[in-house]
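Novice: So that you have it, the file is query_34.pdb, and it contains PDB, C-alpha atoms:
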```
MODEL        1
ATOM      1  CA  MET A  13       5.560  15.257  -1.598
ATOM      2  CA  LYS A  14       2.986  16.364   0.939
ATOM      3  CA  VAL A  15       3.551  15.275   4.565
ATOM      4  CA  TYR A  16       1.212  15.379   7.555
ATOM      5  CA  ILE A  17       2.531  15.467  11.143
ATOM      6  CA  SER A  18       0.241  14.659  14.077
ATOM      7  CA  ALA A  19       1.956  15.916  17.227
ATOM      8  CA  ASP A  20       1.098  14.740  20.740
ATOM      9  CA  MET A  21       2.999  15.678  23.900
ATOM     10  CA  GLU A  22       3.414  12.769  26.323
ATOM     11  CA  GLY A  23       5.941  11.047  24.063
ATOM     12  CA  VAL A  24       8.116  14.132  23.631
ATOM     13  CA  THR A  25      11.813  14.168  24.492
ATOM     14  CA  GLY A  26      12.509  14.699  28.206
ATOM     15  CA  LEU A  27       8.898  14.724  29.454
ATOM     16  CA  VAL A  28       7.845  12.206  32.124
ATOM     17  CA  GLY A  29       5.268  13.789  34.463
ATOM     18  CA  ALA A  30       1.889  15.482  34.513
ATOM     19  CA  ASP A  31       3.478  18.866  35.289
ATOM     20  CA  ASP A  32       5.392  18.568  32.017
ATOM     21  CA  VAL A  33       2.296  18.262  29.826
ATOM     22  CA  GLN A  34      -0.661  19.913  31.562
ATOM     23  CA  MET A  35      -1.441  23.587  31.122
ATOM     24  CA  GLY A  36      -0.617  25.316  34.409
ATOM     25  CA  GLY A  37       1.904  22.663  35.409
ATOM     26  CA  ARG A  38       5.170  24.009  36.772
ATOM     27  CA  ASP A  39       7.148  22.578  33.833
ATOM     28  CA  TYR A  40       4.512  22.978  31.115
ATOM     29  CA  GLU A  41       6.180  25.926  29.396
ATOM     30  CA  ARG A  42       9.404  23.945  29.192
ATOM     31  CA  GLY A  43       7.387  21.026  27.830
ATOM     32  CA  ARG A  44       5.993  23.241  25.088
ATOM     33  CA  ARG A  45       9.520  24.142  23.997
ATOM     34  CA  MET A  46      10.558  20.498  23.992
ATOM     35  CA  MET A  47       7.491  19.556  21.949
ATOM     36  CA  THR A  48       8.165  22.297  19.424
ATOM     37  CA  GLU A  49      11.766  21.161  18.966
ATOM     38  CA  ASP A  50      10.713  17.529  18.430
ATOM     39  CA  VAL A  51       8.220  18.656  15.781
ATOM     40  CA  ASN A  52      10.855  20.845  14.132
ATOM     41  CA  ALA A  53      13.138  17.815  13.902
ATOM     42  CA  ALA A  54      10.348  15.918  12.130
ATOM     43  CA  VAL A  55       9.770  18.834   9.751
ATOM     44  CA  ARG A  56      13.477  18.936   8.905
ATOM     45  CA  GLY A  57      13.411  15.211   8.193
ATOM     46  CA  ALA A  58      10.397  15.552   5.909
ATOM     47  CA  LEU A  59      11.988  18.437   3.991
ATOM     48  CA  ALA A  60      15.258  16.548   3.629
ATOM     49  CA  ALA A  61      13.309  13.685   2.047
ATOM     50  CA  GLY A  62      11.799  15.978  -0.556
ATOM     51  CA  ALA A  63       8.575  17.220   1.017
ATOM     52  CA  ARG A  64       7.269  20.410  -0.542
ATOM     53  CA  GLU A  65       4.398  20.878   1.891
ATOM     54  CA  VAL A  66       4.265  19.980   5.596
ATOM     55  CA  VAL A  67       1.135  20.324   7.724
ATOM     56  CA  VAL A  68       1.416  19.962  11.519
ATOM     57  CA  ASN A  69      -1.599  19.225  13.727
ATOM     58  CA  ASP A  70      -1.227  20.093  17.432
ATOM     59  CA  THR A  71      -3.234  17.310  19.065
ATOM     60  CA  HIS A  72      -2.571  17.425  22.810
ATOM     61  CA  SER A  73      -5.224  18.536  25.338
ATOM     62  CA  THR A  74      -6.162  22.143  24.418
ATOM     63  CA  MET A  75      -4.375  21.646  21.083
ATOM     64  CA  ARG A  76      -2.611  24.986  21.676
ATOM     65  CA  ASN A  77       0.755  23.728  22.877
ATOM     66  CA  LEU A  78       3.244  24.281  20.072
ATOM     67  CA  LEU A  79       5.043  27.621  20.128
ATOM     68  CA  VAL A  80       3.852  29.181  16.891
ATOM     69  CA  GLU A  81       6.691  31.691  16.691
ATOM     70  CA  ASP A  82       9.299  28.929  17.065
ATOM     71  CA  LEU A  83       7.757  26.400  14.686
ATOM     72  CA  HIS A  84       9.769  25.628  11.532
ATOM     73  CA  PRO A  85       8.774  28.266   8.952
ATOM     74  CA  ALA A  86       8.152  25.645   6.277
ATOM     75  CA  ALA A  87       5.274  24.099   8.236
ATOM     76  CA  SER A  88       1.668  25.228   8.454
ATOM     77  CA  LEU A  89      -0.118  24.542  11.745
ATOM     78  CA  VAL A  90      -3.594  23.275  12.636
ATOM     79  CA  ARG A  91      -4.200  24.658  16.132
ATOM     80  CA  GLY A  92      -7.018  24.809  18.685
ATOM     81  CA  LYS A  93     -10.216  22.888  19.341
ATOM     82  CA  PRO A  94     -12.791  21.566  18.838
ATOM     83  CA  LYS A  95     -11.708  19.766  15.685
ATOM     84  CA  PRO A  96     -14.134  17.274  14.116
ATOM     85  CA  MET A  97     -11.308  14.809  13.420
ATOM     86  CA  GLY A  98      -9.188  15.638  16.459
ATOM     87  CA  MET A  99      -5.721  14.127  16.165
ATOM     88  CA  LEU A 100      -6.155  13.678  12.402
ATOM     89  CA  GLN A 101      -7.776  16.993  11.511
ATOM     90  CA  ASP A 102      -7.138  18.017   7.873
ATOM     91  CA  LEU A 103      -5.652  14.637   6.926
ATOM     92  CA  ASP A 104      -6.944  13.374   3.591
ATOM     93  CA  ALA A 105      -5.835  11.265   0.639
ATOM     94  CA  SER A 106      -3.882  14.159  -0.896
ATOM     95  CA  PHE A 107      -1.048  13.506   1.585
ATOM     96  CA  ASP A 108       1.788  11.181   0.595
ATOM     97  CA  ALA A 109       2.782  10.276   4.164
ATOM     98  CA  ALA A 110       1.793  10.765   7.799
ATOM     99  CA  VAL A 111       4.100  11.009  10.808
ATOM    100  CA  PHE A 112       3.238  10.702  14.509
ATOM    101  CA  VAL A 113       5.444  12.751  16.865
ATOM    102  CA  GLY A 114       5.350  12.548  20.678
ATOM    103  CA  TYR A 115       2.886   9.651  20.799
ATOM    104  CA  HIS A 116       2.470   7.415  23.862
ATOM    105  CA  ALA A 117       1.418   3.862  24.719
ATOM    106  CA  ARG A 118      -2.199   2.862  25.353
ATOM    107  CA  ALA A 119      -3.944   2.602  28.712
ATOM    108  CA  GLY A 120      -2.621  -0.214  30.887
ATOM    109  CA  ALA A 121       0.799  -0.384  29.214
ATOM    110  CA  LEU A 122       3.865   0.427  31.298
ATOM    111  CA  GLY A 123       4.875   3.265  29.022
ATOM    112  CA  VAL A 124       5.663   6.860  29.901
ATOM    113  CA  LEU A 125       2.419   8.762  30.627
ATOM    114  CA  SER A 126       0.445   5.909  29.064
ATOM    115  CA  HIS A 127      -3.335   6.315  28.604
ATOM    116  CA  SER A 128      -5.933   6.180  25.857
ATOM    117  CA  PHE A 129      -7.226   9.652  24.979
ATOM    118  CA  MET A 130      -8.431  10.421  28.534
ATOM    119  CA  GLY A 131      -6.314  10.226  31.666
ATOM    120  CA  HIS A 132      -8.315   7.558  33.523
ATOM    121  CA  GLU A 133     -11.807   7.297  32.083
ATOM    122  CA  ILE A 134     -11.047   4.874  29.218
ATOM    123  CA  GLU A 135      -9.857   1.464  30.356
ATOM    124  CA  ASP A 136      -9.680  -0.377  27.032
ATOM    125  CA  MET A 137     -10.483   0.036  23.359
ATOM    126  CA  TRP A 138     -10.791  -2.510  20.573
ATOM    127  CA  LEU A 139     -11.091  -2.403  16.807
ATOM    128  CA  ASP A 140     -13.266  -5.136  15.330
ATOM    129  CA  ASP A 141     -13.687  -6.727  18.782
ATOM    130  CA  ASP A 142     -10.314  -8.456  18.882
ATOM    131  CA  ARG A 143      -7.602  -5.845  18.318
ATOM    132  CA  ALA A 144      -6.671  -3.839  21.415
ATOM    133  CA  MET A 145      -5.703  -0.275  20.627
ATOM    134  CA  GLY A 146      -5.118   3.185  22.014
ATOM    135  CA  GLU A 147      -4.325   6.430  20.255
ATOM    136  CA  ILE A 148      -1.545   4.879  18.180
ATOM    137  CA  GLY A 149      -3.655   2.073  16.786
ATOM    138  CA  PHE A 150      -6.793   4.138  16.195
ATOM    139  CA  ALA A 151      -4.896   6.938  14.445
ATOM    140  CA  TYR A 152      -2.848   4.456  12.402
ATOM    141  CA  ALA A 153      -5.902   2.485  11.286
ATOM    142  CA  THR A 154      -7.816   5.641  10.367
ATOM    143  CA  ALA A 155      -4.940   7.243   8.453
ATOM    144  CA  THR A 156      -4.374   4.106   6.400
ATOM    145  CA  ALA A 157      -8.128   3.802   5.815
ATOM    146  CA  LEU A 158      -7.907   7.261   4.238
ATOM    147  CA  GLY A 159      -5.185   5.895   1.957
ATOM    148  CA  VAL A 160      -2.274   7.633   3.659
ATOM    149  CA  PRO A 161       0.742   5.546   4.786
ATOM    150  CA  VAL A 162       2.039   6.224   8.294
ATOM    151  CA  VAL A 163       5.811   6.169   7.918
ATOM    152  CA  ALA A 164       7.365   7.204  11.256
ATOM    153  CA  LEU A 165       6.630   7.615  14.964
ATOM    154  CA  SER A 166       8.501   9.078  17.923
ATOM    155  CA  GLY A 167       7.792   8.400  21.597
ATOM    156  CA  CYS A 168       9.025   6.181  24.404
ATOM    157  CA  ASP A 169      10.281   2.685  23.637
ATOM    158  CA  VAL A 170       6.924   1.159  24.655
ATOM    159  CA  ALA A 171       5.062   3.385  22.192
ATOM    160  CA  CYS A 172       7.532   2.412  19.461
ATOM    161  CA  ALA A 173       6.934  -1.272  20.217
ATOM    162  CA  GLU A 174       3.173  -0.695  20.124
ATOM    163  CA  VAL A 175       3.174   0.807  16.645
ATOM    164  CA  ALA A 176       5.279  -2.136  15.439
ATOM    165  CA  GLU A 177       2.260  -4.334  16.212
ATOM    166  CA  TRP A 178       0.428  -2.418  13.484
ATOM    167  CA  ASP A 179       3.315  -2.081  11.048
ATOM    168  CA  ALA A 180       6.570  -3.922  11.617
ATOM    169  CA  ASN A 181       8.297  -1.807   8.954
ATOM    170  CA  MET A 182       7.501   1.503  10.627
ATOM    171  CA  ARG A 183      10.451   3.833  11.235
ATOM    172  CA  THR A 184      10.551   4.702  14.927
ATOM    173  CA  ALA A 185      12.564   7.058  17.115
ATOM    174  CA  PRO A 186      12.554   6.083  20.807
ATOM    175  CA  VAL A 187      13.393   9.294  22.666
ATOM    176  CA  LYS A 188      13.186   7.758  26.176
ATOM    177  CA  TYR A 189      13.070   4.329  27.771
ATOM    178  CA  ALA A 190      10.255   3.712  30.238
ATOM    179  CA  ARG A 191      11.109   2.675  33.766
ATOM    180  CA  ASP A 192       7.547   3.207  34.989
ATOM    181  CA  ARG A 193       4.575   5.336  34.000
ATOM    182  CA  PHE A 194       6.205   8.501  35.335
ATOM    183  CA  ALA A 195       9.885   7.591  35.026
ATOM    184  CA  ALA A 196      12.268   7.019  32.129
ATOM    185  CA  ARG A 197      15.879   6.971  31.068
ATOM    186  CA  LEU A 198      16.145   9.899  28.685
ATOM    187  CA  ARG A 199      18.183  10.092  25.520
ATOM    188  CA  PRO A 200      20.188  13.312  25.285
ATOM    189  CA  ALA A 201      17.979  15.883  23.613
ATOM    190  CA  ASP A 202      20.187  16.455  20.578
ATOM    191  CA  GLU A 203      20.546  12.717  20.054
ATOM    192  CA  ALA A 204      16.792  12.170  20.376
ATOM    193  CA  ARG A 205      15.993  14.880  17.858
ATOM    194  CA  GLY A 206      18.593  13.519  15.502
ATOM    195  CA  ALA A 207      16.822  10.158  15.741
ATOM    196  CA  ILE A 208      13.451  11.796  14.989
ATOM    197  CA  GLU A 209      14.854  13.625  11.983
ATOM    198  CA  GLU A 210      16.459  10.452  10.634
ATOM    199  CA  ALA A 211      13.355   8.288  11.152
ATOM    200  CA  VAL A 212      11.126  10.813   9.396
ATOM    201  CA  ARG A 213      13.620  11.394   6.587
ATOM    202  CA  GLU A 214      13.939   7.682   5.854
ATOM    203  CA  GLY A 215      10.213   7.017   6.241
ATOM    204  CA  VAL A 216       9.164   9.841   3.934
ATOM    205  CA  ARG A 217      11.907   9.034   1.444
ATOM    206  CA  GLN A 218      10.631   5.463   1.098
ATOM    207  CA  ALA A 219       6.944   6.400   0.931
ATOM    208  CA  PRO A 220       6.742   6.812  -2.876
ATOM    209  CA  SER A 221       8.224   3.371  -3.481
ATOM    210  CA  CYS A 222       5.957   1.605  -0.994
ATOM    211  CA  THR A 223       2.537   0.217  -1.789
ATOM    212  CA  ARG A 224       0.084   2.943  -0.846
ATOM    213  CA  PRO A 225      -2.737   1.603   1.344
ATOM    214  CA  ALA A 226      -6.005   1.324  -0.530
ATOM    215  CA  PRO A 227      -8.742   3.510   0.974
ATOM    216  CA  ASP A 228     -10.861   1.382   3.303
ATOM    217  CA  THR A 229     -14.581   2.104   3.070
ATOM    218  CA  GLY A 230     -15.634  -1.117   4.791
ATOM    219  CA  THR A 231     -17.527  -1.432   8.039
ATOM    220  CA  HIS A 232     -15.582  -1.783  11.273
ATOM    221  CA  THR A 233     -16.535  -2.029  14.923
ATOM    222  CA  LEU A 234     -15.283   0.206  17.732
ATOM    223  CA  THR A 235     -15.648  -1.008  21.323
ATOM    224  CA  VAL A 236     -14.743   1.190  24.300
ATOM    225  CA  ARG A 237     -14.765   0.103  27.941
ATOM    226  CA  TRP A 238     -15.187   3.052  30.293
ATOM    227  CA  GLN A 239     -14.357   3.338  33.948
ATOM    228  CA  SER A 240     -17.858   4.645  34.598
ATOM    229  CA  ALA A 241     -21.087   2.841  33.741
ATOM    230  CA  SER A 242     -22.742   6.271  33.677
ATOM    231  CA  VAL A 243     -20.779   7.219  30.564
ATOM    232  CA  ALA A 244     -21.800   3.994  28.825
ATOM    233  CA  GLN A 245     -25.432   4.568  29.754
ATOM    234  CA  GLN A 246     -25.487   8.077  28.287
ATOM    235  CA  LEU A 247     -23.685   7.052  25.111
ATOM    236  CA  GLU A 248     -26.333   4.414  24.475
ATOM    237  CA  GLY A 249     -28.615   7.310  23.539
ATOM    238  CA  ILE A 250     -26.589   7.838  20.342
ATOM    239  CA  PRO A 251     -28.203   5.942  17.435
ATOM    240  CA  GLY A 252     -26.272   2.778  16.609
ATOM    241  CA  VAL A 253     -24.478   2.535  19.977
ATOM    242  CA  THR A 254     -25.029  -0.693  21.927
ATOM    243  CA  ARG A 255     -23.773  -2.050  25.255
ATOM    244  CA  PRO A 256     -22.235  -5.500  24.651
ATOM    245  CA  ASP A 257     -21.550  -6.309  28.322
ATOM    246  CA  ARG A 258     -25.144  -5.908  29.459
ATOM    247  CA  ASP A 259     -26.491  -8.775  31.531
ATOM    248  CA  PRO A 260     -30.157  -9.286  30.565
ATOM    249  CA  ALA A 261     -30.839 -10.495  34.113
ATOM    250  CA  ASP A 262     -29.224  -7.487  35.775
ATOM    251  CA  ASP A 263     -29.660  -3.982  34.364
ATOM    252  CA  ARG A 264     -27.320  -2.646  37.050
ATOM    253  CA  SER A 265     -24.439  -5.008  36.331
ATOM    254  CA  ALA A 266     -21.133  -3.526  37.517
ATOM    255  CA  HIS A 267     -19.484  -4.898  34.381
ATOM    256  CA  ASP A 268     -21.841  -3.082  32.005
ATOM    257  CA  ARG A 269     -19.376  -0.305  31.120
ATOM    258  CA  SER A 270     -18.674  -0.909  27.430
ATOM    259  CA  VAL A 271     -20.191   0.570  24.290
ATOM    260  CA  ARG A 272     -19.954  -0.682  20.727
ATOM    261  CA  VAL A 273     -20.702   0.984  17.407
ATOM    262  CA  SER A 274     -20.038   0.157  13.751
ATOM    263  CA  GLY A 275     -19.179   2.251  10.709
ATOM    264  CA  ASP A 276     -16.304   3.175   8.412
ATOM    265  CA  LEU A 277     -13.089   4.161  10.152
ATOM    266  CA  PRO A 278     -13.079   7.917   9.526
ATOM    267  CA  ALA A 279     -16.682   8.082  10.758
ATOM    268  CA  LEU A 280     -15.818   6.048  13.859
ATOM    269  CA  PHE A 281     -12.845   8.293  14.607
ATOM    270  CA  ARG A 282     -15.048  11.382  14.394
ATOM    271  CA  LEU A 283     -17.832   9.783  16.465
ATOM    272  CA  PHE A 284     -15.311   8.857  19.135
ATOM    273  CA  GLY A 285     -14.637  12.575  19.577
ATOM    274  CA  VAL A 286     -18.326  12.940  20.448
ATOM    275  CA  PHE A 287     -17.960  10.075  22.953
ATOM    276  CA  MET A 288     -15.179  11.987  24.695
ATOM    277  CA  GLY A 289     -17.271  15.137  24.817
ATOM    278  CA  VAL A 290     -20.045  13.240  26.604
ATOM    279  CA  ALA A 291     -17.543  11.655  28.996
ATOM    280  CA  TYR A 292     -16.072  15.076  29.799
ATOM    281  CA  ALA A 293     -19.515  16.516  30.510
ATOM    282  CA  LEU A 294     -20.264  13.667  32.931
ATOM    283  CA  THR A 295     -16.915  13.299  34.672
ATOM    284  CA  GLY A 296     -15.182  16.650  34.308
ATOM    285  CA  GLN A 297     -12.140  14.800  32.984
ATOM    286  CA  ALA A 298     -10.902  16.546  29.857
ATOM    287  CA  PRO A 299      -9.382  14.516  27.017
ATOM    288  CA  TYR A 300      -5.582  14.463  27.206
ATOM    289  CA  CYS A 301      -4.805  12.871  23.851
TER     290      CYS A 301
ENDMDL
END
```
How would this structure read if it were set down as structure tokens?
Specialist:
Amino acid sequence: MKVYISADMEGVTGLVGADDVQMGGRDYERGRRMMTEDVNAAVRGALAAGAREVVVNDTHSTMRNLLVEDLHPAASLVRGKPKPMGMLQDLDASFDAAVFVGYHARAGALGVLSHSFMGHEIEDMWLDDDRAMGEIGFAYATATALGVPVVALSGCDVACAEVAEWDANMRTAPVKYARDRFAARLRPADEARGAIEEAVREGVRQAPSCTRPAPDTGTHTLTVRWQSASVAQQLEGIPGVTRPDRDPADDRSAHDRSVRVSGDLPALFRLFGVFMGVAYALTGQAPYC
């Protein structure tokens, strides 16, 4: 068994505010410890289910958050940026299962530290025009397109409910219960990590008996609505990118803030990383993930 863990930070046990998750924040160092312990719980769960190899990808912000010296010794770590595939770097069809740790709800949801990849710049995202998504949905769809089943997720209760929209059989570990975007009722840390370990153990244990998703090489459509029309305008310079909200009678329409592009899912996921790089250059707002 070979298990892949994608680790974000906003959905980690005990964390509720920007100072918990942003480098330089007064509680960031504590947040790093909490994140590392949540990931270690997931690693223990994977090993208990029979995993012989565990790869962890640090996916938040600078992607240098996990405390290397405190990470479970059985896990190898993908650290730093840029990474062509971002939150799914090094994931391929050789893995038997994928796990999402510390994930959060999409932009607009009343989940703890909810957003979609960037703090404010991305308002909405859709797959194939009609399926709203954020990081959870995009990562889930891309992992399964690669032929890897996603078997467990930890985060706030809203994030757990969001992933159930993609897979009702997903094992989830709610580590906190949202009261607002920056407030939650927290599960005791030991209890939360026990829940993560159990969810991952059961998810990985069942993976071999489940129907493995067939690799998806079909064409899909990614649509992103930005806060700034300037970002949409610059992205239109990328071959294949169109602006679906454009009003032919008004080139300066205030609603012309969306871009659309088609391709296979892994290619779209990688191209979206380029989108964020352009948005960062224009707005100065770094991707949070």
Novice: Selected by the PyMOL selection byres ((chain A and resi 252) around 12) in the shown coordinates: which residues, as a VMD selection string?
Specialist: chain A and resid 233 to 234 247 to 251 253 to 255 271 to 275 280 283
Novice: Please tell me which residues are no farther than 9 Å from (-9.7, 10.4, 11.5) in the file, counting all atoms listed in the file, and write them as a list in words.
Specialist: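 Applying the cut-off with all atoms listed in the file, one gets Pro96, Met97, Gly98, Met99, Leu100, Gln101, Asp102, Leu103, Asp104, Phe150, Ala151, Ala153, Thr154, Ala155, Ala157, Leu158, Leu277, Pro278, Ala279, Leu280, Phe281 and Arg282 of chain A.
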Novice: Report as a ChimeraX atom specification the full result of the PyMOL selection byres ((chain A and resi 79) around 7) when it is applied to this structure.
Specialist: /A:44-45,48,77-78,80-83
Novice: Taking the file as I've supplied it (selection: the PyMOL selection byres ((chain A and resi 69) around 10)), which residues are included? Please answer as a list in words.
Specialist: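 Checked against the file, the PyMOL selection byres ((chain A and resi 69) around 10) matches Tyr16, Ile17, Ser18, Ala19, Asp20, Val67, Val68, Asp70, Thr71, His72, Met75, Arg76, Leu78, Ser88, Leu89, Val90, Arg91, Gly92, Gly98, Met99, Leu100, Gln101, Asp102, Leu103 and Phe112 of chain A.
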Novice: Could you give me, as a count of residues only, the residues within 7 Å of range 32-36 of chain A, counting only C-alpha atoms and dropping anything in the same chain fewer than 4 positions from it?
Specialist: 6
Novice: Might I get the box with edges along x, y and z of the file that holds all atoms of range 34-45 of chain A listed there, padded by 5 Å on every side, given as centre and edge lengths in Å to one decimal, as lines of an AutoDock Vina configuration file?
Specialist:
```
center_x = 4.0
center_y = 22.9
center_z = 30.4
size_x = 21.0
size_y = 16.0
size_z = 22.8
```
Novice: Find, counting only C-alpha atoms, the residue in A:Ala211, A:Ala180, A:Val216, A:Val111 that gets nearest to Ala63 in chain A.
Specialist: A:Val216
Novice: Please, what distance in Å, to one decimal, runs between CA of Gly159 in chain A and CA of Arg205 in chain A?
Specialist: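 A separation of 28.0 Å between them.
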Novice: Please identify all polymer residues within 8 Å of Glu174 in chain A, counting all atoms listed in the file, omitting same-chain residues fewer than 3 positions from it, and present them as JSON, numbers by chain.
Specialist: {"A": [117, 148, 170, 171, 177, 178]}
Novice: Please write as a list in words the list of polymer residues whose atoms come within 10 Å of (11.6, 16.1, 11.0), counting all atoms listed in the file and keeping to the coordinates of the file.
Specialist: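 Protein and nucleic acid residues near the point are Ile17, Glu49, Asp50, Val51, Asn52, Ala53, Ala54, Val55, Arg56, Gly57, Ala58, Leu59, Ala60, Ala61, Val66, His84, Val111, Val113, Ala164, Arg205, Gly206, Ala207, Ile208, Glu209, Glu210, Ala211, Val212, Arg213 and Val216 of chain A.
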Novice: Got a sec: who's within 7 Å of Ile134 in chain A, counting all atoms listed in the file, leaving out chain neighbours fewer than 3 positions off, as an MDAnalysis selection string?
Specialist: chainID A and resid 128 130 237:239
Novice: Could you work out how far CA of Leu139 in chain A lies from CA of His232 in chain A, giving the answer in Å with one decimal?
Specialist: 7.2 Å
Novice: Please, what distance in Å, to one decimal, runs between CA of Ala291 in chain A and CA of Asp268 in chain A?
Specialist: 15.6 Å
Novice: Got a sec: who's within 8 Å of Val243 in chain A, counting only C-alpha atoms, leaving out chain neighbours fewer than 6 positions off, as JSON, numbers by chain?
Specialist: {"A": [269, 290, 291, 294]}
Novice: Counting all atoms listed in the file, which residue out of A:His132, A:Arg199, A:Arg64, A:Arg118 sits closest to Met145 in chain A?
Specialist: A:Arg118
Novice: Nearest to Asp108 in chain A among A:Ala190, A:Val286, A:Val160, A:Leu122, with distances taken over only C-alpha atoms: which residue is it?
Specialist: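 Among the listed residues, the smallest separation from Asp108 in chain A belongs to A:Val160.
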Novice: Using only C-alpha atoms, can you tell me which of A:Gly114, A:Pro227, A:Phe129, A:Gln246 comes closest to Thr184 in chain A?
Specialist: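 Distance minimum relative to Thr184 in chain A lands on A:Gly114.
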Novice: So, with all atoms listed in the file as the atoms that count, which of A:Pro186, A:Pro200, A:Gly62, A:Pro161 lies closest to Thr223 in chain A?
Specialist: A:Pro161
